[in-house]
>>> print(open('model.csv').read())   # CSV, C-alpha atoms
chain,number,residue,atom,x,y,z
A,1,MET,CA,9.7,-61.8,131.4
A,2,ARG,CA,7.7,-64.1,129.1
A,3,LYS,CA,5.9,-61.3,127.4
A,4,ALA,CA,9.1,-59.3,127.0
A,5,PHE,CA,11.1,-62.3,125.8
A,6,VAL,CA,10.6,-62.0,122.0
A,7,PRO,CA,11.2,-58.2,121.9
A,8,LEU,CA,14.2,-58.6,124.1
A,9,LEU,CA,15.6,-61.4,121.8
A,10,ALA,CA,15.0,-59.1,118.8
A,11,LEU,CA,16.9,-56.3,120.7
A,12,ALA,CA,19.8,-58.6,121.5
A,13,ALA,CA,20.0,-59.7,117.8
A,14,ALA,CA,19.9,-56.0,116.7
A,15,MET,CA,22.7,-55.1,119.3
A,16,PHE,CA,24.8,-58.0,117.9
A,17,ALA,CA,24.2,-56.8,114.3
A,18,PHE,CA,25.1,-53.2,115.2
A,19,ALA,CA,28.1,-54.0,117.4
A,20,PRO,CA,30.5,-54.6,114.4
A,21,ILE,CA,29.7,-51.1,113.0
A,22,TYR,CA,30.2,-49.5,116.4
A,23,ILE,CA,33.4,-51.5,116.9
A,24,ALA,CA,34.7,-50.7,113.4
A,25,ASN,CA,34.4,-46.9,114.2
A,26,ALA,CA,36.3,-47.3,117.5
A,27,PRO,CA,40.0,-46.3,117.5
A,28,PHE,CA,42.7,-48.9,116.8
A,29,GLU,CA,44.9,-50.1,119.6
A,30,ALA,CA,48.3,-48.7,118.5
A,31,SER,CA,50.6,-51.8,118.6
A,32,MET,CA,48.1,-54.5,117.5
A,33,GLY,CA,46.0,-52.8,114.9
A,34,LEU,CA,42.9,-54.4,113.4
A,35,VAL,CA,43.1,-57.7,115.3
A,36,SER,CA,42.8,-55.9,118.6
A,37,LYS,CA,39.1,-55.5,117.7
A,38,ILE,CA,38.6,-59.1,118.9
A,39,PHE,CA,38.9,-57.5,122.4
A,40,TYR,CA,35.3,-56.2,122.0
A,41,PHE,CA,33.8,-59.6,121.9
A,42,HIS,CA,36.5,-61.7,123.6
A,43,VAL,CA,36.3,-59.8,127.0
A,44,PRO,CA,32.5,-59.5,127.1
A,45,SER,CA,32.1,-63.2,126.5
A,46,TRP,CA,34.1,-63.8,129.7
A,47,PHE,CA,32.0,-61.2,131.5
A,48,ALA,CA,28.9,-63.2,130.4
A,49,MET,CA,30.5,-66.5,131.4
A,50,PHE,CA,31.5,-65.2,134.9
A,51,THR,CA,28.0,-63.9,135.5
A,52,ALA,CA,26.5,-67.3,134.4
A,53,VAL,CA,29.0,-69.1,136.6
A,54,PHE,CA,28.1,-67.0,139.6
A,55,LEU,CA,24.3,-67.5,138.9
A,56,SER,CA,24.9,-71.3,138.6
A,57,GLY,CA,27.1,-71.4,141.8
A,58,ILE,CA,24.7,-69.4,144.0
A,59,ALA,CA,21.6,-71.3,142.7
A,60,SER,CA,23.4,-74.6,143.3
A,61,GLY,CA,24.2,-73.5,146.9
A,62,VAL,CA,20.5,-72.6,147.4
A,63,TYR,CA,19.5,-76.0,145.9
A,64,LEU,CA,22.0,-77.9,148.1
A,65,PHE,CA,21.0,-76.3,151.4
A,66,ARG,CA,17.2,-75.7,150.7
A,67,GLY,CA,16.3,-78.2,148.0
A,68,THR,CA,14.4,-75.7,146.0
A,69,PRO,CA,13.6,-77.2,142.5
A,70,ALA,CA,13.6,-73.7,140.9
A,71,ALA,CA,17.2,-73.1,142.1
A,72,ASP,CA,18.2,-76.4,140.5
A,73,ARG,CA,16.7,-75.3,137.2
A,74,LEU,CA,18.5,-72.0,137.3
A,75,GLY,CA,21.7,-73.8,138.3
A,76,VAL,CA,21.7,-76.2,135.3
A,77,ALA,CA,20.5,-73.5,132.9
A,78,ALA,CA,23.2,-71.1,133.9
A,79,ALA,CA,25.9,-73.8,133.8
A,80,GLU,CA,25.1,-74.7,130.2
A,81,VAL,CA,25.1,-71.0,129.2
A,82,ALA,CA,28.4,-70.6,131.0
A,83,VAL,CA,29.9,-73.4,128.9
A,84,LEU,CA,28.6,-71.6,125.7
A,85,PHE,CA,30.2,-68.3,126.6
A,86,GLY,CA,33.3,-70.0,127.9
A,87,SER,CA,33.7,-71.6,124.5
A,88,MET,CA,33.4,-68.2,122.8
A,89,GLY,CA,36.2,-66.9,125.0
A,90,LEU,CA,38.4,-69.9,124.5
A,91,VAL,CA,38.0,-69.7,120.7
A,92,THR,CA,38.3,-65.9,120.2
A,93,GLY,CA,41.3,-65.6,122.6
A,94,PRO,CA,43.7,-67.8,120.6
A,95,LEU,CA,42.6,-66.1,117.3
A,96,TRP,CA,43.7,-62.8,118.9
A,97,GLY,CA,46.8,-64.3,120.5
A,98,ARG,CA,48.0,-65.9,117.2
A,99,LYS,CA,48.5,-62.5,115.7
A,100,SER,CA,49.5,-60.5,118.8
A,101,TRP,CA,51.8,-63.0,120.5
A,102,GLY,CA,52.7,-65.3,117.6
A,103,ILE,CA,51.2,-68.4,119.4
A,104,TRP,CA,47.7,-69.8,119.7
A,105,TRP,CA,48.0,-70.9,123.3
A,106,PRO,CA,50.6,-69.7,125.9
A,107,TRP,CA,49.7,-72.1,128.7
A,108,ASP,CA,50.1,-69.3,131.3
A,109,ALA,CA,48.1,-69.1,134.5
A,110,ARG,CA,45.2,-67.1,133.0
A,111,VAL,CA,44.4,-69.4,130.0
A,112,THR,CA,45.1,-72.6,132.0
A,113,ILE,CA,42.6,-71.6,134.7
A,114,ALA,CA,40.1,-70.5,132.1
A,115,LEU,CA,40.4,-73.9,130.4
A,116,LEU,CA,39.9,-75.6,133.8
A,117,LEU,CA,36.8,-73.5,134.5
A,118,GLU,CA,35.3,-74.5,131.2
A,119,LEU,CA,36.1,-78.2,131.9
A,120,THR,CA,34.6,-77.9,135.4
A,121,PHE,CA,31.3,-76.8,133.9
A,122,ILE,CA,31.5,-79.4,131.1
A,123,ALA,CA,32.0,-81.9,134.0
A,124,TYR,CA,28.9,-80.5,135.7
A,125,LEU,CA,26.8,-81.1,132.5
A,126,LEU,CA,28.2,-84.6,132.1
A,127,VAL,CA,27.4,-85.5,135.7
A,128,ARG,CA,23.9,-84.2,135.2
A,129,LYS,CA,23.4,-86.2,132.1
A,130,PHE,CA,25.0,-89.5,133.0
A,131,GLY,CA,25.2,-89.5,136.8
A,132,GLY,CA,21.9,-91.2,137.4
A,133,PRO,CA,19.5,-90.4,140.3
A,134,GLY,CA,20.9,-88.0,142.8
A,135,SER,CA,23.5,-86.6,140.4
A,136,GLU,CA,21.9,-83.1,140.8
A,137,LYS,CA,23.5,-82.7,144.2
A,138,LEU,CA,26.9,-83.8,143.1
A,139,ALA,CA,26.7,-81.5,140.1
A,140,ALA,CA,25.6,-78.6,142.4
A,141,ALA,CA,28.8,-79.1,144.4
A,142,ILE,CA,30.9,-79.0,141.2
A,143,SER,CA,29.2,-75.7,140.3
A,144,ILE,CA,30.1,-74.2,143.6
A,145,PHE,CA,33.7,-75.4,143.2
A,146,GLY,CA,33.7,-73.8,139.7
A,147,MET,CA,32.4,-70.5,141.1
A,148,PHE,CA,35.3,-70.2,143.5
A,149,ASN,CA,37.7,-70.6,140.6
A,150,VAL,CA,36.5,-67.3,139.1
A,151,PRO,CA,38.4,-64.9,141.5
A,152,PHE,CA,41.6,-66.8,140.9
A,153,LEU,CA,41.0,-66.6,137.1
A,154,TYR,CA,40.3,-62.9,137.3
A,155,MET,CA,43.3,-62.1,139.5
A,156,SER,CA,45.7,-64.5,137.9
A,157,VAL,CA,47.2,-61.9,135.5
A,158,ASN,CA,48.1,-59.7,138.5
A,159,ILE,CA,49.6,-62.5,140.6
A,160,TRP,CA,51.5,-64.7,138.1
A,161,ARG,CA,53.9,-63.7,135.3
A,162,THR,CA,52.0,-63.8,132.0
A,163,ILE,CA,51.8,-62.1,128.7
A,164,HIS,CA,48.1,-61.6,129.1
A,165,PRO,CA,47.0,-57.9,129.7
A,166,LYS,CA,46.4,-57.0,133.3
A,167,THR,CA,43.0,-56.3,134.9
A,168,SER,CA,43.8,-52.5,134.7
A,169,VAL,CA,43.2,-52.5,131.0
A,170,VAL,CA,39.4,-52.2,131.0
A,171,PRO,CA,39.2,-49.3,133.6
A,172,SER,CA,41.9,-47.4,131.7
A,173,LEU,CA,40.5,-47.7,128.1
A,174,PRO,CA,41.4,-44.6,126.0
A,175,THR,CA,38.7,-42.2,124.7
A,176,GLY,CA,36.5,-43.8,122.0
A,177,MET,CA,36.9,-47.4,123.2
A,178,PRO,CA,34.7,-47.6,126.4
A,179,GLY,CA,31.5,-46.9,124.4
A,180,PRO,CA,31.6,-49.9,122.0
A,181,PHE,CA,33.1,-52.1,124.7
A,182,TRP,CA,30.3,-51.5,127.3
A,183,PHE,CA,27.8,-51.7,124.4
A,184,SER,CA,29.2,-55.2,123.6
A,185,VAL,CA,29.1,-56.2,127.3
A,186,ALA,CA,25.4,-55.1,127.5
A,187,ALA,CA,24.6,-57.2,124.4
A,188,TYR,CA,26.4,-60.2,125.8
A,189,LEU,CA,24.7,-59.9,129.2
A,190,LEU,CA,21.3,-59.5,127.6
A,191,LEU,CA,21.9,-62.6,125.4
A,192,MET,CA,23.1,-64.5,128.4
A,193,ALA,CA,19.9,-63.6,130.4
A,194,LEU,CA,17.6,-64.6,127.5
A,195,LEU,CA,19.4,-67.9,126.9
A,196,ILE,CA,19.2,-68.8,130.6
A,197,GLN,CA,15.5,-67.9,130.5
A,198,MET,CA,15.0,-70.2,127.5
A,199,ARG,CA,17.0,-73.0,129.1
A,200,MET,CA,15.0,-72.7,132.3
A,201,GLN,CA,11.8,-73.0,130.4
A,202,LEU,CA,13.1,-76.3,129.0
A,203,GLU,CA,13.7,-77.6,132.5
A,204,GLN,CA,10.2,-76.5,133.6
A,205,ARG,CA,8.7,-78.4,130.7
A,206,ARG,CA,10.8,-81.5,131.5
A,207,ALA,CA,9.5,-81.3,135.2
A,208,ALA,CA,5.9,-81.1,133.9
A,209,LEU,CA,6.6,-84.2,131.7
A,210,ASP,CA,8.1,-86.1,134.6
A,211,ALA,CA,5.0,-85.2,136.7
A,212,LEU,CA,2.7,-86.5,133.9
A,213,PHE,CA,4.7,-89.7,133.8
A,214,LEU,CA,4.4,-90.2,137.5
A,215,GLU,CA,0.6,-89.6,137.4
A,216,ASP,CA,0.4,-92.0,134.5
A,217,GLU,CA,2.0,-94.9,136.4
B,1,MET,CA,87.9,-78.8,88.5
B,2,LEU,CA,86.3,-81.2,91.0
B,3,LYS,CA,87.5,-79.1,93.9
B,4,ALA,CA,85.9,-76.0,92.4
B,5,PHE,CA,82.7,-77.9,91.9
B,6,LEU,CA,82.6,-79.1,95.5
B,7,PHE,CA,83.4,-75.7,96.8
B,8,THR,CA,80.5,-74.2,94.8
B,9,ILE,CA,78.1,-76.9,96.2
B,10,ALA,CA,79.4,-76.2,99.7
B,11,LEU,CA,78.8,-72.5,99.3
B,12,ALA,CA,75.3,-73.1,98.0
B,13,LEU,CA,74.5,-75.4,101.0
B,14,GLN,CA,75.7,-72.9,103.5
B,15,GLN,CA,73.0,-71.5,105.9
B,16,PRO,CA,72.2,-67.8,105.6
B,17,PRO,CA,73.8,-65.7,108.4
B,18,GLY,CA,71.7,-65.7,111.6
B,19,GLN,CA,69.6,-62.7,112.5
B,20,THR,CA,71.4,-60.6,115.0
B,21,GLU,CA,68.8,-58.0,115.9
B,22,PHE,CA,65.1,-57.5,116.5
B,23,VAL,CA,63.0,-57.0,113.4
B,24,PRO,CA,59.6,-55.4,113.9
B,25,ALA,CA,56.7,-57.5,112.5
B,26,SER,CA,55.5,-54.5,110.5
B,27,SER,CA,58.8,-54.5,108.5
B,28,LEU,CA,58.6,-58.2,107.5
B,29,PRO,CA,57.8,-58.9,103.9
B,30,PRO,CA,54.0,-59.3,103.3
B,31,SER,CA,54.4,-63.0,102.6
B,32,GLU,CA,55.6,-63.5,106.2
B,33,GLN,CA,52.9,-61.3,107.8
B,34,LEU,CA,49.8,-62.8,109.3
B,35,PRO,CA,46.6,-61.1,108.0
B,36,SER,CA,44.3,-59.7,110.8
B,37,ALA,CA,41.0,-59.6,109.0
B,38,PRO,CA,40.4,-63.4,108.6
B,39,LEU,CA,41.2,-63.9,112.4
B,40,LEU,CA,38.8,-61.1,113.3
B,41,VAL,CA,36.0,-62.4,111.0
B,42,ALA,CA,36.5,-65.9,112.2
B,43,ALA,CA,36.2,-64.8,115.9
B,44,TYR,CA,33.0,-62.8,115.2
B,45,ALA,CA,31.5,-65.6,113.0
B,46,PHE,CA,32.2,-68.2,115.7
B,47,VAL,CA,30.3,-66.1,118.3
B,48,TRP,CA,27.2,-65.9,116.0
B,49,LEU,CA,27.4,-69.5,115.0
B,50,ALA,CA,27.8,-70.8,118.6
B,51,ALA,CA,24.8,-68.6,119.8
B,52,MET,CA,22.6,-69.7,116.9
B,53,PHE,CA,23.5,-73.4,117.3
B,54,TYR,CA,22.7,-73.2,121.0
B,55,ILE,CA,19.4,-71.5,120.4
B,56,TRP,CA,18.6,-74.2,117.8
B,57,THR,CA,19.4,-77.1,120.3
B,58,ILE,CA,17.1,-75.5,123.0
B,59,TRP,CA,14.4,-75.1,120.4
B,60,LYS,CA,14.8,-78.7,119.3
B,61,ARG,CA,14.8,-80.1,122.9
B,62,LEU,CA,11.7,-78.0,123.7
B,63,GLY,CA,9.9,-79.4,120.7
B,64,LYS,CA,10.7,-83.0,121.8
B,65,VAL,CA,9.5,-82.5,125.4
B,66,ASP,CA,6.3,-80.8,124.1
B,67,ALA,CA,5.7,-83.7,121.7
B,68,ASP,CA,6.1,-86.2,124.6
B,69,ILE,CA,3.7,-84.1,126.8
B,70,ARG,CA,1.1,-84.1,124.0
B,71,THR,CA,1.4,-87.9,123.5
B,72,LEU,CA,0.9,-88.5,127.2
B,73,GLN,CA,-2.0,-86.1,127.4
B,74,GLN,CA,-3.7,-87.8,124.4
B,75,ARG,CA,-3.1,-91.2,126.0
B,76,ARG,CA,-4.8,-90.1,129.2
B,77,ALA,CA,-7.8,-88.4,127.5
B,78,PRO,CA,-11.0,-90.5,127.5
B,79,GLY,CA,-10.8,-93.0,124.7
B,80,GLY,CA,-7.1,-92.2,124.2
B,81,GLY,CA,-5.8,-95.7,124.4
B,82,ARG,CA,-5.9,-96.5,128.2
>>> encode(input="model.csv", output="structure tokens")
Amino acid sequence: MRKAFVPLLALAAAMFAFAPIYIANAPFEASMGLVSKIFYFHVPSWFAMFTAVFLSGIASGVYLFRGTPAADRLGVAAAEVAVLFGSMGLVTGPLWGRKSWGIWWPWDARVTIALLLELTFIAYLLVRKFGGPGSEKLAAAISIFGMFNVPFLYMSVNIWRTIHPKTSVVPSLPTGMPGPFWFSVAAYLLLMALLIQMRMQLEQRRAALDALFLEDE
Amino acid sequence: MLKAFLFTIALALQQPPGQTEFVPASSLPPSEQLPSAPLLVAAYAFVWLAAMFYIWTIWKRLGKVDADIRTLQQRRAPGGGR
């Protein structure tokens, strides 16, 4: 992964640069027009966030039950990246909603649970930073709790009354839209994997620094 | 005269008749329509800026940790201050 890191980062940047051209050539959604193109980076940012949340939750579970340091490093790296992609979803969504629905934020089940998920992982990072010794385990429990929020968030549009589109939208995209959509999803997932790798490297260097400090004392 | 004047003012202050039916957004005057392009550009720009900012913070934190490691290694080297 280390050797391939720079070429993959260049590939991700190229995909993000090409995505607007691909998206611009995709057909318009009939009722919303141009603003509906936000769909191509709003939904993939949630795909990336959910994947990062699952990675963090599973790694945190492994760390809690087995105490593996590598799992803890993956847990914290994925949590931070989840917050990043969550912020992208929470910013692009209202920009789309303002035009389509006439309001920035509808406070329905979907957006409220999404905000809670973002706050859960911000809490994870705050506990890690300010919780003192042993906070890793408490944070790991928060991450697992956050992971179990994802199915509720995903299914919320089918369960509760909301103006958000249902989960059937992506599987039933009309001709011309799945190509740029899945291209964007691939770009986001690649970027997510690379950012987690970078963040894990930072944790490895910090562990090396701690070991040096301990040897020094 | 005064009566006519007050009547004219009362007429001027009267609220316009309420809207009684649905008006599609596309048939609103341009001044009342929200443009899509700035919202779309803002969304895409935010994604780029957030990703770039995050990469910059990791790079900065990595640089600080590496500098600390170098300082410790120099201190531990023979004749390095210990």
>>> residues_around(input="model.csv", residues="B:Leu40", least_positions_apart="6", cutoff="12 Å", atoms="only C-alpha atoms", output="VMD selection string")
(chain A and resid 20 23 to 24 33 to 42 91 to 99) or (chain B and resid 34 46 to 47)
>>> write_last_selection(input="model.csv", atoms="C-alpha atoms", output="compact mmCIF listing (two decimals), keeping the file's coordinate frame")
# COMPACT_ATOMS: atom_id res chain seq x y z
CA PRO A 20 30.50 -54.60 114.40
CA ILE A 23 33.40 -51.50 116.90
CA ALA A 24 34.70 -50.70 113.40
CA GLY A 33 46.00 -52.80 114.90
CA LEU A 34 42.90 -54.40 113.40
CA VAL A 35 43.10 -57.70 115.30
CA SER A 36 42.80 -55.90 118.60
CA LYS A 37 39.10 -55.50 117.70
CA ILE A 38 38.60 -59.10 118.90
CA PHE A 39 38.90 -57.50 122.40
CA TYR A 40 35.30 -56.20 122.00
CA PHE A 41 33.80 -59.60 121.90
CA HIS A 42 36.50 -61.70 123.60
CA VAL A 91 38.00 -69.70 120.70
CA THR A 92 38.30 -65.90 120.20
CA GLY A 93 41.30 -65.60 122.60
CA PRO A 94 43.70 -67.80 120.60
CA LEU A 95 42.60 -66.10 117.30
CA TRP A 96 43.70 -62.80 118.90
CA GLY A 97 46.80 -64.30 120.50
CA ARG A 98 48.00 -65.90 117.20
CA LYS A 99 48.50 -62.50 115.70
CA LEU B 34 49.80 -62.80 109.30
CA PHE B 46 32.20 -68.20 115.70
CA VAL B 47 30.30 -66.10 118.30
>>> closest_atom_pairs(input="model.csv", of="chain B", to="chain A", cutoff="8 Å", atoms="all atoms listed in the file", output="CSV")
residue,atom,partner,partner_atom,distance
B:Leu34,CA,A:Lys99,CA,6.5
B:Ser36,CA,A:Val35,CA,5.1
B:Ala37,CA,A:Val35,CA,6.9
B:Leu39,CA,A:Leu95,CA,5.6
B:Leu40,CA,A:Val35,CA,5.8
B:Ala42,CA,A:Leu95,CA,8.0
B:Ala43,CA,A:Thr92,CA,4.9
B:Tyr44,CA,A:Phe41,CA,7.5
B:Phe46,CA,A:Met88,CA,7.2
B:Val47,CA,A:Met88,CA,5.9
B:Ala50,CA,A:Leu84,CA,7.2
B:Ala51,CA,A:Leu84,CA,7.6
B:Tyr54,CA,A:Leu84,CA,7.7
B:Ile55,CA,A:Leu195,CA,7.4
B:Ile58,CA,A:Arg199,CA,6.6
B:Arg61,CA,A:Leu202,CA,7.4
B:Leu62,CA,A:Leu202,CA,5.7
B:Val65,CA,A:Arg206,CA,6.3
B:Asp66,CA,A:Arg205,CA,7.4
B:Asp68,CA,A:Leu209,CA,7.4
B:Ile69,CA,A:Leu209,CA,5.7
B:Leu72,CA,A:Leu212,CA,7.2
B:Arg76,CA,A:Asp216,CA,7.7
>>> write_last_selection(input="model.csv", atoms="C-alpha atoms", output="PDB file, keeping the file's coordinate frame")
ATOM      1  CA  LEU B  34      49.800 -62.800 109.300  1.00  0.00           C
ATOM      2  CA  SER B  36      44.300 -59.700 110.800  1.00  0.00           C
ATOM      3  CA  ALA B  37      41.000 -59.600 109.000  1.00  0.00           C
ATOM      4  CA  LEU B  39      41.200 -63.900 112.400  1.00  0.00           C
ATOM      5  CA  LEU B  40      38.800 -61.100 113.300  1.00  0.00           C
ATOM      6  CA  ALA B  42      36.500 -65.900 112.200  1.00  0.00           C
ATOM      7  CA  ALA B  43      36.200 -64.800 115.900  1.00  0.00           C
ATOM      8  CA  TYR B  44      33.000 -62.800 115.200  1.00  0.00           C
ATOM      9  CA  PHE B  46      32.200 -68.200 115.700  1.00  0.00           C
ATOM     10  CA  VAL B  47      30.300 -66.100 118.300  1.00  0.00           C
ATOM     11  CA  ALA B  50      27.800 -70.800 118.600  1.00  0.00           C
ATOM     12  CA  ALA B  51      24.800 -68.600 119.800  1.00  0.00           C
ATOM     13  CA  TYR B  54      22.700 -73.200 121.000  1.00  0.00           C
ATOM     14  CA  ILE B  55      19.400 -71.500 120.400  1.00  0.00           C
ATOM     15  CA  ILE B  58      17.100 -75.500 123.000  1.00  0.00           C
ATOM     16  CA  ARG B  61      14.800 -80.100 122.900  1.00  0.00           C
ATOM     17  CA  LEU B  62      11.700 -78.000 123.700  1.00  0.00           C
ATOM     18  CA  VAL B  65       9.500 -82.500 125.400  1.00  0.00           C
ATOM     19  CA  ASP B  66       6.300 -80.800 124.100  1.00  0.00           C
ATOM     20  CA  ASP B  68       6.100 -86.200 124.600  1.00  0.00           C
ATOM     21  CA  ILE B  69       3.700 -84.100 126.800  1.00  0.00           C
ATOM     22  CA  LEU B  72       0.900 -88.500 127.200  1.00  0.00           C
ATOM     23  CA  ARG B  76      -4.800 -90.100 129.200  1.00  0.00           C
TER      24      ARG B  76
END
>>> residues_around(input="model.csv", residues="A:Ser143", least_positions_apart="6", cutoff="12 Å", atoms="all atoms listed in the file", output="mmCIF file with C-alpha atoms, keeping the file's coordinate frame")
data_model
loop_
_atom_site.group_PDB
_atom_site.id
_atom_site.type_symbol
_atom_site.label_atom_id
_atom_site.label_comp_id
_atom_site.auth_asym_id
_atom_site.auth_seq_id
_atom_site.Cartn_x
_atom_site.Cartn_y
_atom_site.Cartn_z
ATOM 1 C CA ALA A 52 26.500 -67.300 134.400
ATOM 2 C CA VAL A 53 29.000 -69.100 136.600
ATOM 3 C CA PHE A 54 28.100 -67.000 139.600
ATOM 4 C CA LEU A 55 24.300 -67.500 138.900
ATOM 5 C CA SER A 56 24.900 -71.300 138.600
ATOM 6 C CA GLY A 57 27.100 -71.400 141.800
ATOM 7 C CA ILE A 58 24.700 -69.400 144.000
ATOM 8 C CA ALA A 59 21.600 -71.300 142.700
ATOM 9 C CA SER A 60 23.400 -74.600 143.300
ATOM 10 C CA GLY A 61 24.200 -73.500 146.900
ATOM 11 C CA VAL A 62 20.500 -72.600 147.400
ATOM 12 C CA TYR A 63 19.500 -76.000 145.900
ATOM 13 C CA LEU A 64 22.000 -77.900 148.100
ATOM 14 C CA ASP A 72 18.200 -76.400 140.500
ATOM 15 C CA LEU A 74 18.500 -72.000 137.300
ATOM 16 C CA GLY A 75 21.700 -73.800 138.300
ATOM 17 C CA VAL A 76 21.700 -76.200 135.300
ATOM 18 C CA ALA A 77 20.500 -73.500 132.900
ATOM 19 C CA ALA A 78 23.200 -71.100 133.900
ATOM 20 C CA ALA A 79 25.900 -73.800 133.800
ATOM 21 C CA GLU A 80 25.100 -74.700 130.200
ATOM 22 C CA ALA A 82 28.400 -70.600 131.000
ATOM 23 C CA VAL A 83 29.900 -73.400 128.900
ATOM 24 C CA LEU A 117 36.800 -73.500 134.500
ATOM 25 C CA GLU A 118 35.300 -74.500 131.200
ATOM 26 C CA LEU A 119 36.100 -78.200 131.900
ATOM 27 C CA THR A 120 34.600 -77.900 135.400
ATOM 28 C CA PHE A 121 31.300 -76.800 133.900
ATOM 29 C CA ILE A 122 31.500 -79.400 131.100
ATOM 30 C CA ALA A 123 32.000 -81.900 134.000
ATOM 31 C CA TYR A 124 28.900 -80.500 135.700
ATOM 32 C CA LEU A 125 26.800 -81.100 132.500
ATOM 33 C CA VAL A 127 27.400 -85.500 135.700
ATOM 34 C CA ARG A 128 23.900 -84.200 135.200
ATOM 35 C CA GLU A 136 21.900 -83.100 140.800
ATOM 36 C CA LYS A 137 23.500 -82.700 144.200
ATOM 37 C CA ASN A 149 37.700 -70.600 140.600
ATOM 38 C CA VAL A 150 36.500 -67.300 139.100
#
>>> atom_distance(input="model.csv", atom1="atom CA of B:Pro35", atom2="atom CA of A:Gly176")
24.4 Å
>>> atom_distance(input="model.csv", atom1="atom CA of A:Met49", atom2="atom CA of A:Gly86")
5.7 Å
>>> atom_distance(input="model.csv", atom1="atom CA of A:Asn25", atom2="atom CA of A:Gly179")
10.6 Å
>>> closest_residue(input="model.csv", among="A:Gln204, A:Leu190, A:Ile113, A:Ala141", to="A:Met155", atoms="all atoms listed in the file")
A:Ile113
